$ cat start.txt   # compact mmCIF, C-alpha atoms
# COMPACT_ATOMS: atom_id res chain seq x y z
CA MET A 1 0.00 0.00 0.00
CA SER A 2 1.37 3.45 -0.90
CA SER A 3 2.21 5.85 1.92
CA LEU A 4 -0.39 8.20 3.30
CA SER A 5 1.49 11.26 2.06
CA GLU A 6 1.17 9.94 -1.50
CA ARG A 7 -2.59 9.56 -1.22
CA ALA A 8 -3.85 12.47 0.87
CA ILE A 9 -3.08 15.88 2.33
CA LEU A 10 -4.27 17.74 5.41
CA VAL A 11 -6.51 20.80 5.07
CA ARG A 12 -8.31 23.03 7.55
CA VAL A 13 -10.56 26.07 7.43
CA VAL A 14 -9.01 29.26 8.79
CA GLU A 15 -11.73 31.62 9.94
CA CYS A 16 -12.01 34.79 11.98
CA MET A 17 -15.03 36.81 13.10
CA ASN A 18 -13.63 39.21 15.67
CA GLY A 19 -15.20 42.49 16.71
CA VAL A 20 -18.83 41.47 16.37
CA PHE A 21 -19.64 41.98 20.05
CA LYS A 22 -18.02 44.19 22.66
CA TYR A 23 -18.22 43.76 26.42
CA ASP A 24 -19.04 47.02 28.25
CA GLU A 25 -18.07 47.11 31.92
CA GLN A 26 -19.36 50.64 32.52
CA ALA A 27 -22.77 49.82 31.09
CA ARG A 28 -22.88 46.71 33.25
CA ASN A 29 -22.09 48.68 36.41
CA LYS A 30 -24.71 51.29 35.57
CA LEU A 31 -27.32 48.63 34.90
CA ALA A 32 -26.47 46.82 38.13
CA LYS A 33 -26.77 50.00 40.15
CA ALA A 34 -30.12 50.86 38.58
CA GLY A 35 -31.46 47.41 39.35
CA ASN A 36 -29.89 47.10 42.82
CA ALA A 37 -27.88 44.07 41.64
CA GLU A 38 -24.36 42.80 42.23
CA GLU A 39 -22.10 43.99 39.40
CA ASP A 40 -20.60 40.57 38.75
CA SER A 41 -24.05 39.04 38.40
CA LEU A 42 -24.62 40.86 35.10
CA SER A 43 -22.93 41.10 31.74
CA VAL A 44 -23.55 43.73 29.06
CA THR A 45 -22.41 42.95 25.53
CA LYS A 46 -22.95 45.35 22.65
CA ARG A 47 -23.77 44.20 19.14
CA MET A 48 -21.58 46.47 17.01
CA TRP A 49 -22.86 45.85 13.48
CA PRO A 50 -26.10 45.19 11.61
CA LYS A 51 -27.20 41.65 12.33
CA LYS A 52 -28.08 40.88 8.72
CA GLU A 53 -24.68 41.90 7.34
CA ILE A 54 -22.83 39.86 9.94
CA ALA A 55 -25.14 36.93 9.16
CA ASN A 56 -24.08 37.05 5.50
CA LEU A 57 -20.42 36.63 6.48
CA ARG A 58 -21.24 33.90 8.99
CA ASN A 59 -23.24 32.00 6.38
CA TYR A 60 -20.23 31.75 4.07
CA ILE A 61 -18.07 30.54 6.93
CA SER A 62 -20.72 27.92 7.72
CA SER A 63 -20.71 26.85 4.06
CA ALA A 64 -16.92 26.50 4.18
CA ARG A 65 -17.15 24.37 7.34
CA ALA A 66 -19.81 22.15 5.78
CA LEU A 67 -17.77 21.64 2.61
CA HIS A 68 -14.68 20.89 4.69
CA ARG A 69 -16.49 18.20 6.69
CA LYS A 70 -18.19 16.71 3.64
CA MET A 71 -15.05 16.33 1.53
CA THR A 72 -12.60 15.26 4.25
CA LEU A 73 -12.11 12.64 6.93
CA PRO A 74 -11.26 13.40 10.58
CA TRP A 75 -7.62 13.68 11.64
CA ASN A 76 -6.77 14.17 15.30
CA ASP A 77 -8.50 17.18 16.85
CA VAL A 78 -6.56 20.24 15.67
CA GLY A 79 -8.77 21.37 12.81
CA TYR A 80 -6.90 19.60 10.01
CA ARG A 81 -8.74 16.82 8.17
CA LEU A 82 -7.71 14.27 5.54
CA LEU A 83 -8.41 15.11 1.91
CA PRO A 84 -7.61 12.51 -0.77
CA ASN A 85 -5.24 13.90 -3.38
CA ASP A 86 -7.63 13.17 -6.24
CA LYS A 87 -10.24 15.39 -4.55
CA PHE A 88 -7.85 18.32 -4.09
CA PHE A 89 -8.84 20.41 -7.12
CA GLU A 90 -12.55 19.84 -6.54
CA PHE A 91 -12.15 20.92 -2.91
CA VAL A 92 -10.06 24.00 -3.70
CA SER A 93 -12.39 25.04 -6.52
CA SER A 94 -15.50 24.77 -4.32
CA MET A 95 -13.79 26.44 -1.36
CA THR A 96 -12.50 29.27 -3.56
CA GLU A 97 -16.03 29.94 -4.77
CA ILE A 98 -17.25 30.23 -1.17
CA ARG A 99 -14.27 32.38 -0.19
CA ASN A 100 -14.83 34.75 -3.12
CA LYS A 101 -18.42 35.27 -1.99
CA PHE A 102 -17.16 35.91 1.56
CA ILE A 103 -14.66 38.48 0.29
CA GLY A 104 -17.37 40.14 -1.78
CA ALA A 105 -19.59 40.41 1.29
CA ARG A 106 -16.63 41.76 3.28
CA MET A 107 -15.93 44.42 0.63
CA GLN A 108 -19.56 45.47 0.74
CA PHE A 109 -19.29 45.63 4.52
CA LYS A 110 -16.23 47.90 4.25
CA ASP A 111 -18.00 50.16 1.75
CA ASN A 112 -20.74 50.68 4.33
CA PHE A 113 -18.42 50.93 7.31
CA ASP A 114 -19.43 54.46 8.34
CA LEU A 115 -23.13 53.69 7.93
CA TYR A 116 -22.94 50.51 9.99
CA LYS A 117 -20.92 52.26 12.68
CA ALA A 118 -23.49 55.06 12.91
CA TRP A 119 -26.27 52.46 13.01
CA GLY A 120 -24.57 50.62 15.85
CA LEU A 121 -23.97 53.76 17.91
CA LYS A 122 -27.57 54.92 17.46
CA ARG A 123 -28.93 51.58 18.67
CA MET A 124 -26.77 51.72 21.80
CA GLY A 125 -28.43 54.93 22.93
CA GLU A 126 -26.87 56.33 26.08
CA TYR A 127 -24.35 53.45 26.10
CA ALA A 128 -22.85 54.47 22.77
CA ASP A 129 -19.04 54.60 22.68
CA SER A 130 -17.28 55.21 19.37
CA SER A 131 -13.93 54.09 20.79
CA ILE A 132 -14.96 50.43 20.62
CA TYR A 133 -14.97 50.59 16.82
CA PRO A 134 -11.86 50.28 14.64
CA LYS A 135 -10.43 53.60 13.52
CA SER A 136 -10.41 52.64 9.86
CA LYS A 137 -12.51 50.44 7.62
CA ASP A 138 -9.28 48.70 6.54
CA ALA A 139 -9.28 46.91 9.91
CA ILE A 140 -12.28 44.91 8.70
CA ASP A 141 -9.97 42.74 6.56
CA SER A 142 -8.18 41.39 9.63
CA MET A 143 -11.34 41.16 11.73
CA PHE A 144 -13.27 38.98 9.28
CA GLN A 145 -11.30 36.27 7.51
CA LEU A 146 -11.90 33.00 5.68
CA ASP A 147 -9.17 30.88 4.13
CA ILE A 148 -7.83 27.33 3.99
CA ALA A 149 -4.53 25.96 5.27
CA ILE A 150 -2.83 23.00 3.61
CA ARG A 151 0.00 20.81 4.77
CA PRO A 152 1.38 17.38 3.83
CA CYS A 153 0.48 14.29 5.79
CA PRO A 154 3.13 13.32 8.33
CA GLU A 155 5.52 10.41 7.97
CA SER A 156 7.80 8.87 10.55
CA ASP A 157 10.80 9.78 8.37
CA ASP A 158 10.04 13.42 9.17
CA ILE A 159 11.68 12.88 12.56
CA ARG A 160 15.19 14.23 12.08
CA VAL A 161 16.90 14.80 15.42
CA ASP A 162 20.32 13.95 16.75
CA LEU A 163 19.53 10.99 19.01
CA PRO A 164 20.96 7.51 19.49
CA ALA A 165 19.87 5.16 16.70
CA GLU A 166 17.83 2.90 19.00
CA VAL A 167 15.95 5.89 20.46
CA LEU A 168 15.26 7.32 17.01
CA ALA A 169 14.03 3.93 15.80
CA GLU A 170 11.60 3.73 18.71
CA LEU A 171 10.34 7.27 18.07
CA ARG A 172 9.72 6.43 14.41
CA LYS A 173 7.91 3.23 15.37
CA GLN A 174 5.66 5.18 17.72
CA ALA A 175 5.02 7.77 15.00
CA ASP A 176 4.15 5.04 12.49
CA ASP A 177 1.78 3.41 14.97
CA GLN A 178 0.06 6.72 15.69
CA ILE A 179 -0.33 7.56 11.99
CA LYS A 180 -1.82 4.10 11.30
CA HIS A 181 -4.19 4.56 14.25
CA ASP A 182 -5.28 8.00 13.06
CA VAL A 183 -5.87 6.82 9.49
CA THR A 184 -7.87 3.82 10.72
CA ASP A 185 -10.04 6.13 12.81
CA ALA A 186 -10.52 8.40 9.81
CA VAL A 187 -11.70 5.55 7.60
CA LYS A 188 -14.20 4.53 10.27
CA GLU A 189 -15.96 7.75 9.37
CA LEU A 190 -16.62 6.24 5.93
CA TRP A 191 -18.45 3.33 7.53
CA VAL A 192 -20.49 5.78 9.61
CA ARG A 193 -21.46 7.85 6.54
CA PHE A 194 -22.23 4.68 4.59
CA SER A 195 -24.41 3.36 7.38
CA LYS A 196 -26.34 6.62 7.78
CA VAL A 197 -27.18 7.05 4.11
CA LEU A 198 -28.18 3.39 3.71
CA LYS A 199 -30.32 3.48 6.84
CA HIS A 200 -32.07 6.60 5.59
CA MET A 201 -32.80 4.99 2.23
CA VAL A 202 -34.08 1.76 3.79
CA GLU A 203 -36.37 3.65 6.17
CA LYS A 204 -37.78 5.75 3.32
CA LEU A 205 -38.37 2.81 1.00
CA ASP A 206 -39.81 0.66 3.78
CA GLY A 207 -42.24 3.07 5.37
CA GLY A 208 -42.34 6.28 3.39
CA ASP A 209 -45.01 7.43 0.97
CA PRO A 210 -43.68 6.78 -2.58
CA ARG A 211 -45.32 9.99 -3.77
CA TYR A 212 -42.78 11.99 -1.77
CA PHE A 213 -39.65 10.12 -2.87
CA ARG A 214 -37.09 12.53 -4.29
CA GLU A 215 -34.22 11.93 -6.70
CA SER A 216 -31.80 12.90 -3.92
CA LEU A 217 -32.72 9.68 -2.11
CA LEU A 218 -30.97 7.78 -4.86
CA GLY A 219 -28.45 10.51 -5.66
CA ASN A 220 -26.96 10.70 -2.15
CA ILE A 221 -26.11 7.01 -1.97
CA SER A 222 -24.90 6.96 -5.58
CA GLU A 223 -22.53 9.85 -4.88
CA LEU A 224 -21.13 8.15 -1.79
CA ILE A 225 -20.59 4.87 -3.66
CA LYS A 226 -18.54 6.72 -6.29
CA THR A 227 -16.37 8.57 -3.76
CA ILE A 228 -15.61 5.76 -1.28
CA PRO A 229 -12.63 4.40 -3.30
CA SER A 230 -10.87 7.77 -3.03
CA TYR A 231 -11.40 7.95 0.73
CA ASN A 232 -10.59 4.30 1.50
CA LEU A 233 -7.05 5.22 2.52
CA THR A 234 -6.42 1.93 4.33
CA ASP A 235 -7.57 -0.18 1.36
CA ASP A 236 -10.22 -1.75 3.59
CA LYS A 237 -11.28 -4.82 1.58
CA GLU A 238 -14.51 -5.27 3.52
CA LEU A 239 -15.50 -1.67 2.85
CA GLU A 240 -14.80 -2.02 -0.86
CA GLN A 241 -16.67 -5.31 -1.09
CA THR A 242 -19.68 -3.84 0.69
CA ARG A 243 -19.59 -0.83 -1.61
CA GLN A 244 -19.66 -3.10 -4.65
CA GLU A 245 -22.53 -5.15 -3.25
CA VAL A 246 -24.61 -2.04 -2.56
CA GLU A 247 -23.80 -0.75 -6.03
CA LYS A 248 -25.05 -4.05 -7.47
CA VAL A 249 -28.33 -3.80 -5.53
CA LEU A 250 -28.90 -0.26 -6.71
CA SER A 251 -28.06 -1.07 -10.33
CA ASN A 252 -31.67 -2.27 -10.66
CA ILE A 253 -32.88 1.27 -9.98
CA LYS A 254 -32.32 3.70 -12.83
CA THR A 255 -34.42 6.60 -11.54
CA ILE A 256 -36.46 7.30 -8.44
CA ASP A 257 -39.61 6.60 -10.44
CA ASP A 258 -38.64 2.94 -10.58
CA VAL A 259 -39.13 2.50 -6.83
CA LYS A 260 -42.12 4.82 -6.79
CA ASP A 261 -44.02 2.61 -9.22
CA ASP A 262 -42.75 -0.88 -8.33
CA GLU A 263 -43.65 -2.09 -4.83
CA GLN A 264 -41.84 -5.41 -5.31
CA LEU A 265 -38.65 -3.61 -6.30
CA ARG A 266 -38.91 -1.52 -3.13
CA ARG A 267 -39.32 -4.64 -0.98
CA ASP A 268 -36.42 -6.44 -2.64
CA THR A 269 -34.19 -3.39 -2.27
CA VAL A 270 -35.06 -2.95 1.41
CA ASP A 271 -34.45 -6.65 2.08
CA LYS A 272 -31.06 -6.76 0.34
CA LEU A 273 -29.78 -3.49 1.81
CA SER A 274 -30.92 -4.48 5.31
CA LYS A 275 -28.97 -7.74 5.07
CA LEU A 276 -25.88 -5.86 3.95
CA MET A 277 -26.22 -3.38 6.82
CA ASP A 278 -26.38 -6.26 9.30
CA LYS A 279 -22.79 -7.08 8.31
CA PHE A 280 -21.50 -3.55 8.96
CA PRO A 281 -18.82 -3.42 11.69
CA GLN A 282 -19.78 -2.12 15.10
CA LEU A 283 -18.28 1.35 15.40
$ encode --input "start.txt" --output "structure tokens"
Amino acid sequence: MSSLSERAILVRVVECMNGVFKYDEQARNKLAKAGNAEEDSLSVTKRMWPKKEIANLRNYISSARALHRKMTLPWNDVGYRLLPNDKFFEFVSSMTEIRNKFIGARMQFKDNFDLYKAWGLKRMGEYADSSIYPKSKDAIDSMFQLDIAIRPCPESDDIRVDLPAEVLAELRKQADDQIKHDVTDAVKELWVRFSKVLKHMVEKLDGGDPRYFRESLLGNISELIKTIPSYNLTDDKELEQTRQEVEKVLSNIKTIDDVKDDEQLRRDTVDKLSKLMDKFPQL
């Protein structure tokens, strides 16, 4: 089996949404005094910008997160996730489209900087404080950011330190073991995704009203079947065999209308997929 670094890279979403809210200690103290309350029992946070405009920026960040999770597998817990090399250009193209929309929304935000600042101050009434805002609209670029970070997958040979040979060999063995463990955990995510989409399809075909079947019911599982080989980074033979068996079952369904109109086909499909799911590993 080829090394992990030859088959995948690590990518993460780099995001920043600073300066949306501002804590105001003076307003808190004033409010506490007016209400005969302990100061540390209250917190006053000012919303600095129009909610709708901030929501636009947040929506693009959410889209980037969703794409990141959809096209990658988990890797440790530091934000980086595994992306197969043959999915790199698709990922970067889709992420660039989202980022361009984010930048466009940020430019529009900058163009309206003075208006949004005036709006925010007016809404704060007697608690208005212009010093909490950046002095220039150019600061918006550093306050609101969306990008991706890319780095190669690690290999034990990356350990290059001046240590006794036996110590270095043990360090590399530990690194190899950890990498294998992390990749195995990542591929488990494929089984989870596979199980979820099959379960959803079985439940729909078994108890749902055929009139409300949508093409996405078939499209979602078909898409996953096509992408599993790229993400099967451990060359899991059981996963590949199961994928082929599911693909064979679904080959009898050309469009969603086939299962809408043919009750026997629905029953056969449910029966065969259910039996395959019974063989899924316990995760």
$ closest_atom_pairs --input "start.txt" --of "region 28-75 of chain A" --to "region 228-237 of chain A" --cutoff "12 Å" --atoms "all atoms listed in the file" --output "tab-separated table"
residue	atom	partner	partner_atom	distance
A:Lys70	CA	A:Tyr231	CA	11.5
A:Met71	CA	A:Tyr231	CA	9.2
A:Thr72	CA	A:Tyr231	CA	8.2
A:Leu73	CA	A:Tyr231	CA	7.8
A:Pro74	CA	A:Tyr231	CA	11.3
$ residues_around --input "start.txt" --residues "Asn18 (chain A)" --least-positions-apart "2" --cutoff "8 Å" --atoms "only C-alpha atoms" --output "ChimeraX atom specification"
/A:16,20-21,143-144
$ residues_around --input "start.txt" --residues "Glu215 (chain A)" --least-positions-apart "4" --cutoff "10 Å" --atoms "all atoms listed in the file" --output "ChimeraX atom specification"
/A:219-220,255-257
$ write_last_selection --input "start.txt" --atoms "C-alpha atoms" --output "compact mmCIF listing (two decimals), in the coordinates of the input"
# COMPACT_ATOMS: atom_id res chain seq x y z
CA GLY A 219 -28.45 10.51 -5.66
CA ASN A 220 -26.96 10.70 -2.15
CA THR A 255 -34.42 6.60 -11.54
CA ILE A 256 -36.46 7.30 -8.44
CA ASP A 257 -39.61 6.60 -10.44
$ closest_residue --input "start.txt" --among "A:Leu224, A:Ile98, A:Met201, A:Met48" --to "Lys122 (chain A)" --atoms "all atoms listed in the file"
A:Met48
$ closest_residue --input "start.txt" --among "A:Leu10, A:Ala32, A:Ala149, A:Met107" --to "Asn85 (chain A)" --atoms "only C-alpha atoms"
A:Leu10
$ atom_distance --input "start.txt" --atom1 "CA of Ala55 (chain A)" --atom2 "CA of Gly120 (chain A)"
15.2 Å
$ atom_distance --input "start.txt" --atom1 "CA of Gln264 (chain A)" --atom2 "CA of Ile221 (chain A)"
20.3 Å
